[in-house]
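Written out below as structure tokens is the structure these notes cover.
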Amino acid sequence: MFVILGGTGQVGSATARALLNAGQEVTVVTRDEDHGADLKASGAKMAVADIRDTDAMRAVFRTGRRAFLLNPPADPSGNTDAEERANVAAILSALEGSGLEKVVAASTYGAFEGERCGDLTVLHELEQALMDQPIPAAINRGAYYMSNWVGVAQGVAESGILPSFFPADLSLPMVAPADLGEAAARRLMTKTDDTGIEHVEGPARYSARDVAAAFAAVMGRCVDVQEIPPEALEETFLQFGFSEEAAASYACMTRWVIDGKSDSVATFRKGAISLEAYIISVLSG
């Protein structure tokens, strides 16, 4: 039995589906069972639990042999770093006495030791803590999610403008959630000595201009990139309703990517899904 945290989100659900397709038994942890109706229909068991409820989470872990760990994103209207660090502490506490033989955790390109830089620093802390505890731990660092662009699709369709926090021609490693799910499922099923950090990205690197072209092909209209200058990042996030703490963290993460500090990896696993194929599948579905 495999236990999947964040199993109703994009990466977690992709991991669960990959395992189910491989004939494995899966338990999806969710705060709302209705969100996982499609996975339940596909044969997954559902466990309703709050990630902060350590005793409940440990009880769920004890029903499985291995677990996929994903720290869910916090509401950006609050202090995201503090909330996500509290999630990390709860996950680590629940692992104690769980009896699991292996865990696989979702992390991110460019994770580094530091403070107040969102996932880049919070997930680095998770990585280090997992490596320091006794359960064998595999870490998958994923590239920039292709799904991050989908949230602006309606506005792009209406205006023909794709807002971008990145320079229009800056090529970045990006990855589809399904490829991250396949990579996580693979490592969940490998031997317990398959541990440490692996990087996962798509079959090529892409820019915001490539994203605009993919949108244009699906929407049948011209799409131009509108760059948000680095000096306007915090103010833009504040306009989106982010707290001051969250705006500062997200701006830090964005600048880290722009400066090329998140993609200098020697080796990585390539997924199969191109940006164009992903955009088409999502917008044409």
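Here, A, B, ... name the chains of the structure tokens in the order displayed, residue numbers run from 1 inside each chain, and ligands are numbered from 1 in the same displayed order.
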What are the closest atom pairs, with distances in Å to one decimal, for each residue of segment 119-193 of chain A lying within 6 Å of segment 225-236 of chain A, using only C-alpha atoms, rows by chain and rising residue number, as CSV?
residue,atom,partner,partner_atom,distance
A:Ile161,CA,A:Val225,CA,5.9
A:Leu162,CA,A:Val225,CA,4.7
A:Pro163,CA,A:Gln226,CA,4.7
A:Ser164,CA,A:Glu227,CA,5.0
A:Phe165,CA,A:Ile228,CA,5.1
What lies within 12 Å of segment 185-188 of chain A using only C-alpha atoms, ignoring chain neighbours under 2 positions off, as a PyMOL selection string? chain A and resi 1-4+11-26+64-69+100-106+136-140+178-183+190-198+269
Trp149 of chain A surroundings by only C-alpha atoms, 12 Å radius, close-in-sequence under 5 positions cut, as an mmCIF file with N, CA and C atoms, in the first residue's frame:
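The file below, result05.cif, is the result:
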data_model
loop_
_atom_site.group_PDB
_atom_site.id
_atom_site.type_symbol
_atom_site.label_atom_id
_atom_site.label_comp_id
_atom_site.auth_asym_id
_atom_site.auth_seq_id
_atom_site.Cartn_x
_atom_site.Cartn_y
_atom_site.Cartn_z
ATOM 1 N N TYR A 144 10.002 24.124 -12.960
ATOM 2 C CA TYR A 144 8.860 25.034 -12.894
ATOM 3 C C TYR A 144 7.631 24.343 -13.487
ATOM 4 N N GLN A 154 -7.821 32.227 -18.967
ATOM 5 C CA GLN A 154 -9.035 32.960 -19.322
ATOM 6 C C GLN A 154 -8.722 34.409 -19.674
ATOM 7 N N GLY A 155 -7.867 35.040 -18.875
ATOM 8 C CA GLY A 155 -7.488 36.411 -19.162
ATOM 9 C C GLY A 155 -6.744 36.536 -20.475
ATOM 10 N N VAL A 156 -5.911 35.536 -20.779
ATOM 11 C CA VAL A 156 -5.193 35.542 -22.056
ATOM 12 C C VAL A 156 -6.173 35.424 -23.211
ATOM 13 N N LEU A 162 -0.305 37.715 -22.311
ATOM 14 C CA LEU A 162 0.177 36.763 -21.320
ATOM 15 C C LEU A 162 1.098 37.497 -20.358
ATOM 16 N N PRO A 163 0.663 37.740 -19.113
ATOM 17 C CA PRO A 163 1.568 38.371 -18.150
ATOM 18 C C PRO A 163 2.628 37.374 -17.707
ATOM 19 N N SER A 164 3.863 37.844 -17.559
ATOM 20 C CA SER A 164 4.957 36.948 -17.183
ATOM 21 C C SER A 164 5.859 37.615 -16.159
ATOM 22 N N PHE A 165 6.162 36.866 -15.109
ATOM 23 C CA PHE A 165 7.129 37.341 -14.126
ATOM 24 C C PHE A 165 8.558 37.178 -14.626
ATOM 25 N N PHE A 166 8.730 36.486 -15.743
ATOM 26 C CA PHE A 166 10.050 36.210 -16.295
ATOM 27 C C PHE A 166 10.245 36.965 -17.606
ATOM 28 N N MET A 174 10.890 23.384 -17.426
ATOM 29 C CA MET A 174 9.486 23.279 -17.010
ATOM 30 C C MET A 174 9.079 21.819 -17.083
ATOM 31 N N VAL A 175 8.015 21.483 -16.356
ATOM 32 C CA VAL A 175 7.595 20.086 -16.324
ATOM 33 C C VAL A 175 6.092 19.990 -16.110
ATOM 34 N N ALA A 176 5.483 18.989 -16.723
ATOM 35 C CA ALA A 176 4.059 18.732 -16.569
ATOM 36 C C ALA A 176 3.814 17.929 -15.296
ATOM 37 N N SER A 207 10.324 29.199 -22.829
ATOM 38 C CA SER A 207 10.245 30.584 -22.379
ATOM 39 C C SER A 207 8.786 31.017 -22.314
ATOM 40 N N ALA A 208 8.563 32.200 -21.748
ATOM 41 C CA ALA A 208 7.209 32.753 -21.724
ATOM 42 C C ALA A 208 6.689 32.949 -23.149
ATOM 43 N N ARG A 209 7.596 33.269 -24.068
ATOM 44 C CA ARG A 209 7.172 33.432 -25.459
ATOM 45 C C ARG A 209 6.687 32.086 -26.044
ATOM 46 N N ASP A 210 7.321 31.001 -25.622
ATOM 47 C CA ASP A 210 6.856 29.677 -26.039
ATOM 48 C C ASP A 210 5.472 29.382 -25.467
ATOM 49 N N VAL A 211 5.254 29.800 -24.224
ATOM 50 C CA VAL A 211 3.940 29.613 -23.603
ATOM 51 C C VAL A 211 2.887 30.405 -24.382
ATOM 52 N N ALA A 212 3.227 31.636 -24.744
ATOM 53 C CA ALA A 212 2.300 32.473 -25.516
ATOM 54 C C ALA A 212 1.964 31.819 -26.853
ATOM 55 N N ALA A 214 1.997 28.632 -27.514
ATOM 56 C CA ALA A 214 1.143 27.470 -27.264
ATOM 57 C C ALA A 214 -0.298 27.906 -27.012
ATOM 58 N N PHE A 215 -0.466 28.965 -26.229
ATOM 59 C CA PHE A 215 -1.808 29.506 -26.013
ATOM 60 C C PHE A 215 -2.422 29.957 -27.339
ATOM 61 N N LEU A 275 5.554 21.185 -23.546
ATOM 62 C CA LEU A 275 4.712 22.318 -23.162
ATOM 63 C C LEU A 275 3.495 22.408 -24.071
ATOM 64 N N TYR A 278 0.973 19.752 -23.275
ATOM 65 C CA TYR A 278 0.315 20.013 -21.999
ATOM 66 C C TYR A 278 -0.746 21.095 -22.137
ATOM 67 N N ILE A 279 -0.386 22.202 -22.751
ATOM 68 C CA ILE A 279 -1.347 23.304 -22.928
ATOM 69 C C ILE A 279 -2.553 22.849 -23.731
ATOM 70 N N VAL A 282 -4.869 20.618 -21.574
ATOM 71 C CA VAL A 282 -5.604 21.333 -20.528
ATOM 72 C C VAL A 282 -6.668 22.260 -21.095
ATOM 73 N N LEU A 283 -6.306 23.013 -22.125
ATOM 74 C CA LEU A 283 -7.234 24.015 -22.657
ATOM 75 C C LEU A 283 -8.250 23.428 -23.613
#
Closest atom pairs, residues of segment 98-137 of chain A within 7 Å of segment 74-89 of chain A, only C-alpha atoms, as a tab-separated table:
residue	atom	partner	partner_atom	distance
A:Arg116	CA	A:Asp81	CA	6.4
A:Gly118	CA	A:Asp81	CA	5.7
A:Val122	CA	A:Arg85	CA	6.2
A:Leu126	CA	A:Val88	CA	6.2
Save the residues we just selected, N, CA and C atoms, as a PDB file, in the first residue's frame?
ATOM      1  N   ARG A 116      12.976  32.890   4.210  1.00  0.00           N
ATOM      2  CA  ARG A 116      12.024  33.765   3.529  1.00  0.00           C
ATOM      3  C   ARG A 116      12.212  33.792   2.019  1.00  0.00           C
ATOM      4  N   GLY A 118      10.296  31.328   0.211  1.00  0.00           N
ATOM      5  CA  GLY A 118       9.232  30.408  -0.165  1.00  0.00           C
ATOM      6  C   GLY A 118       9.671  28.955  -0.226  1.00  0.00           C
ATOM      7  N   VAL A 122      11.932  26.524   2.262  1.00  0.00           N
ATOM      8  CA  VAL A 122      11.119  25.606   3.075  1.00  0.00           C
ATOM      9  C   VAL A 122      11.364  24.157   2.650  1.00  0.00           C
ATOM     10  N   LEU A 126      12.895  20.642   4.415  1.00  0.00           N
ATOM     11  CA  LEU A 126      12.269  19.320   4.380  1.00  0.00           C
ATOM     12  C   LEU A 126      13.259  18.275   3.877  1.00  0.00           C
TER      13      LEU A 126
END
Quick check for you: according to DSSP on this backbone, which residues of segment 149-274 of chain A are classed as alpha helix (DSSP H)? Reply as a PDB file with C-alpha atoms, in the first residue's frame.
ATOM      1  CA  ALA A 153      -5.645  31.262 -19.489  1.00  0.00           C
ATOM      2  CA  GLN A 154      -9.035  32.960 -19.322  1.00  0.00           C
ATOM      3  CA  GLY A 155      -7.488  36.411 -19.162  1.00  0.00           C
ATOM      4  CA  VAL A 156      -5.193  35.542 -22.056  1.00  0.00           C
ATOM      5  CA  ALA A 157      -8.149  34.379 -24.122  1.00  0.00           C
ATOM      6  CA  GLU A 158      -9.949  37.659 -23.470  1.00  0.00           C
ATOM      7  CA  SER A 159      -7.036  40.089 -23.864  1.00  0.00           C
ATOM      8  CA  PRO A 177       2.412  17.399 -13.381  1.00  0.00           C
ATOM      9  CA  ALA A 178       1.887  13.994 -15.002  1.00  0.00           C
ATOM     10  CA  ASP A 179       5.631  13.625 -15.592  1.00  0.00           C
ATOM     11  CA  LEU A 180       6.301  14.463 -11.943  1.00  0.00           C
ATOM     12  CA  GLY A 181       3.710  11.869 -10.961  1.00  0.00           C
ATOM     13  CA  GLU A 182       5.347   9.211 -13.113  1.00  0.00           C
ATOM     14  CA  ALA A 183       8.764  10.045 -11.654  1.00  0.00           C
ATOM     15  CA  ALA A 184       7.459   9.876  -8.081  1.00  0.00           C
ATOM     16  CA  ALA A 185       5.636   6.591  -8.692  1.00  0.00           C
ATOM     17  CA  ARG A 186       8.777   5.082 -10.192  1.00  0.00           C
ATOM     18  CA  ARG A 187      10.883   5.915  -7.134  1.00  0.00           C
ATOM     19  CA  LEU A 188       8.154   4.750  -4.783  1.00  0.00           C
ATOM     20  CA  MET A 189       8.402   1.328  -6.410  1.00  0.00           C
ATOM     21  CA  ALA A 208       7.209  32.753 -21.724  1.00  0.00           C
ATOM     22  CA  ARG A 209       7.172  33.432 -25.459  1.00  0.00           C
ATOM     23  CA  ASP A 210       6.856  29.677 -26.039  1.00  0.00           C
ATOM     24  CA  VAL A 211       3.940  29.613 -23.603  1.00  0.00           C
ATOM     25  CA  ALA A 212       2.300  32.473 -25.516  1.00  0.00           C
ATOM     26  CA  ALA A 213       2.733  30.580 -28.787  1.00  0.00           C
ATOM     27  CA  ALA A 214       1.143  27.470 -27.264  1.00  0.00           C
ATOM     28  CA  PHE A 215      -1.808  29.506 -26.013  1.00  0.00           C
ATOM     29  CA  ALA A 216      -2.129  31.185 -29.420  1.00  0.00           C
ATOM     30  CA  ALA A 217      -2.232  27.826 -31.203  1.00  0.00           C
ATOM     31  CA  VAL A 218      -5.064  26.583 -29.011  1.00  0.00           C
ATOM     32  CA  MET A 219      -6.995  29.860 -28.842  1.00  0.00           C
ATOM     33  CA  LEU A 233       7.243  41.945  -8.297  1.00  0.00           C
ATOM     34  CA  GLU A 234       6.312  42.665  -4.674  1.00  0.00           C
ATOM     35  CA  GLU A 235       3.731  45.283  -5.648  1.00  0.00           C
ATOM     36  CA  THR A 236       2.202  42.962  -8.230  1.00  0.00           C
ATOM     37  CA  PHE A 237       1.847  40.121  -5.722  1.00  0.00           C
ATOM     38  CA  LEU A 238       0.293  42.544  -3.236  1.00  0.00           C
ATOM     39  CA  GLN A 239      -2.235  43.536  -5.898  1.00  0.00           C
ATOM     40  CA  GLU A 244       3.437  41.350   2.622  1.00  0.00           C
ATOM     41  CA  GLU A 245       5.289  38.245   3.851  1.00  0.00           C
ATOM     42  CA  ALA A 246       4.053  36.104   0.962  1.00  0.00           C
ATOM     43  CA  ALA A 247       4.752  38.828  -1.605  1.00  0.00           C
ATOM     44  CA  ALA A 248       8.356  39.077  -0.405  1.00  0.00           C
ATOM     45  CA  SER A 249       8.816  35.292  -0.514  1.00  0.00           C
ATOM     46  CA  TYR A 250       7.320  34.860  -3.980  1.00  0.00           C
ATOM     47  CA  ALA A 251       9.357  37.786  -5.302  1.00  0.00           C
ATOM     48  CA  CYS A 252      12.491  36.165  -3.877  1.00  0.00           C
ATOM     49  CA  MET A 253      11.678  32.864  -5.599  1.00  0.00           C
ATOM     50  CA  THR A 254      11.020  34.619  -8.898  1.00  0.00           C
ATOM     51  CA  ARG A 255      14.279  36.575  -8.825  1.00  0.00           C
ATOM     52  CA  TRP A 256      16.151  33.370  -7.962  1.00  0.00           C
ATOM     53  CA  VAL A 257      14.774  31.799 -11.153  1.00  0.00           C
ATOM     54  CA  ILE A 258      15.484  34.889 -13.285  1.00  0.00           C
TER      55      ILE A 258
END
Contacts of Gly6 of chain A at 7 Å or less, counting only C-alpha atoms, minus same-chain residues fewer than 2 places along, as a PyMOL selection string? chain A and resi 4+8-9+12+29-30+70+72
Can those selected residues be exported to a file as a PDB file, in the first residue's frame so that it contains C-alpha atoms?
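Result file again-v9.pdb:
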ATOM      1  CA  ILE A   4      -0.106   9.790  -1.023  1.00  0.00           C
ATOM      2  CA  THR A   8      -6.044  15.428  -4.800  1.00  0.00           C
ATOM      3  CA  GLY A   9      -3.675  18.095  -6.133  1.00  0.00           C
ATOM      4  CA  GLY A  12      -0.233  14.056  -5.946  1.00  0.00           C
ATOM      5  CA  VAL A  29      -4.887  11.568   2.054  1.00  0.00           C
ATOM      6  CA  THR A  30      -7.273  14.485   1.693  1.00  0.00           C
ATOM      7  CA  LEU A  70       4.063  16.762  -0.651  1.00  0.00           C
ATOM      8  CA  PRO A  72       0.730  21.708   0.247  1.00  0.00           C
TER       9      PRO A  72
END
Find the spatial neighbours of segment 56-59 of chain A, counting only C-alpha atoms, within a cut-off of 12 Å - ignore same-chain residues fewer than 4 positions away - and output them as a count of residues only. 30
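The shortest atom-to-atom distance to Ala143 of chain A, with only C-alpha atoms taken into account, belongs to A:Gly202 out of A:Gly7, A:Gly36, A:Gly43, A:Gly202.
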I need the strand (DSSP E or B) residues of segment 30-132 of chain A per DSSP on the backbone, written as a list in words. Thr30, Lys45, Met46, Ala47, Val48, Arg66, Ala67, Phe68, Leu69, Lys102, Val103, Val104, Ala105, Ala106, Ser107 and Thr108 of chain A
Please produce an output containing N, CA and C atoms for each residue in the selection, written as a compact mmCIF listing (two decimals), in the first residue's frame.
# COMPACT_ATOMS: atom_id res chain seq x y z
N THR A 30 -6.61 13.25 2.10
CA THR A 30 -7.27 14.48 1.69
C THR A 30 -8.05 15.06 2.86
N LYS A 45 -8.15 4.14 -2.17
CA LYS A 45 -8.80 4.33 -0.89
C LYS A 45 -8.61 5.78 -0.47
N MET A 46 -9.55 6.29 0.30
CA MET A 46 -9.47 7.68 0.73
C MET A 46 -9.31 7.73 2.24
N ALA A 47 -8.40 8.58 2.72
CA ALA A 47 -8.21 8.80 4.15
C ALA A 47 -8.37 10.29 4.41
N VAL A 48 -9.39 10.66 5.15
CA VAL A 48 -9.64 12.07 5.45
C VAL A 48 -8.85 12.44 6.70
N ARG A 66 4.95 2.51 2.00
CA ARG A 66 5.72 3.64 1.49
C ARG A 66 4.78 4.85 1.31
N ALA A 67 5.37 6.05 1.30
CA ALA A 67 4.54 7.25 1.23
C ALA A 67 5.17 8.31 0.34
N PHE A 68 4.31 9.03 -0.36
CA PHE A 68 4.70 10.21 -1.13
C PHE A 68 4.38 11.43 -0.29
N LEU A 69 5.36 12.28 -0.09
CA LEU A 69 5.22 13.45 0.77
C LEU A 69 5.21 14.72 -0.07
N LYS A 102 10.03 3.42 3.26
CA LYS A 102 10.63 4.37 2.32
C LYS A 102 9.65 5.52 2.09
N VAL A 103 10.20 6.73 1.87
CA VAL A 103 9.36 7.87 1.48
C VAL A 103 9.98 8.54 0.25
N VAL A 104 9.11 9.15 -0.55
CA VAL A 104 9.54 9.96 -1.69
C VAL A 104 8.91 11.34 -1.51
N ALA A 105 9.72 12.37 -1.57
CA ALA A 105 9.22 13.73 -1.32
C ALA A 105 9.35 14.60 -2.55
N ALA A 106 8.36 15.46 -2.74
CA ALA A 106 8.39 16.44 -3.83
C ALA A 106 9.11 17.69 -3.36
N SER A 107 10.12 18.11 -4.12
CA SER A 107 10.83 19.34 -3.83
C SER A 107 10.93 20.15 -5.12
N THR A 108 11.84 21.09 -5.17
CA THR A 108 11.87 22.01 -6.30
C THR A 108 13.31 22.31 -6.74
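Atom CA of Ser262 of chain A is found 8.8 Å from atom CA of Leu120 of chain A.
Atom CA of Glu201 of chain A sits 6.3 Å away from atom CA of Gly142 of chain A.
Remark: for Ala204 of chain A, the closest of the candidate residues A:Pro167, A:Glu276, A:Arg221, A:Ser147 is A:Glu276 (distances computed over only C-alpha atoms).
Among the candidate residues A:Val265, A:Cys117, A:Ala277, A:Val60, the one lying nearest to Pro173 of chain A is A:Val265, with distances computed using only C-alpha atoms.
From atom CA of Ile273 of chain A back to atom CA of Leu123 of chain A, the distance works out to 24.8 Å.
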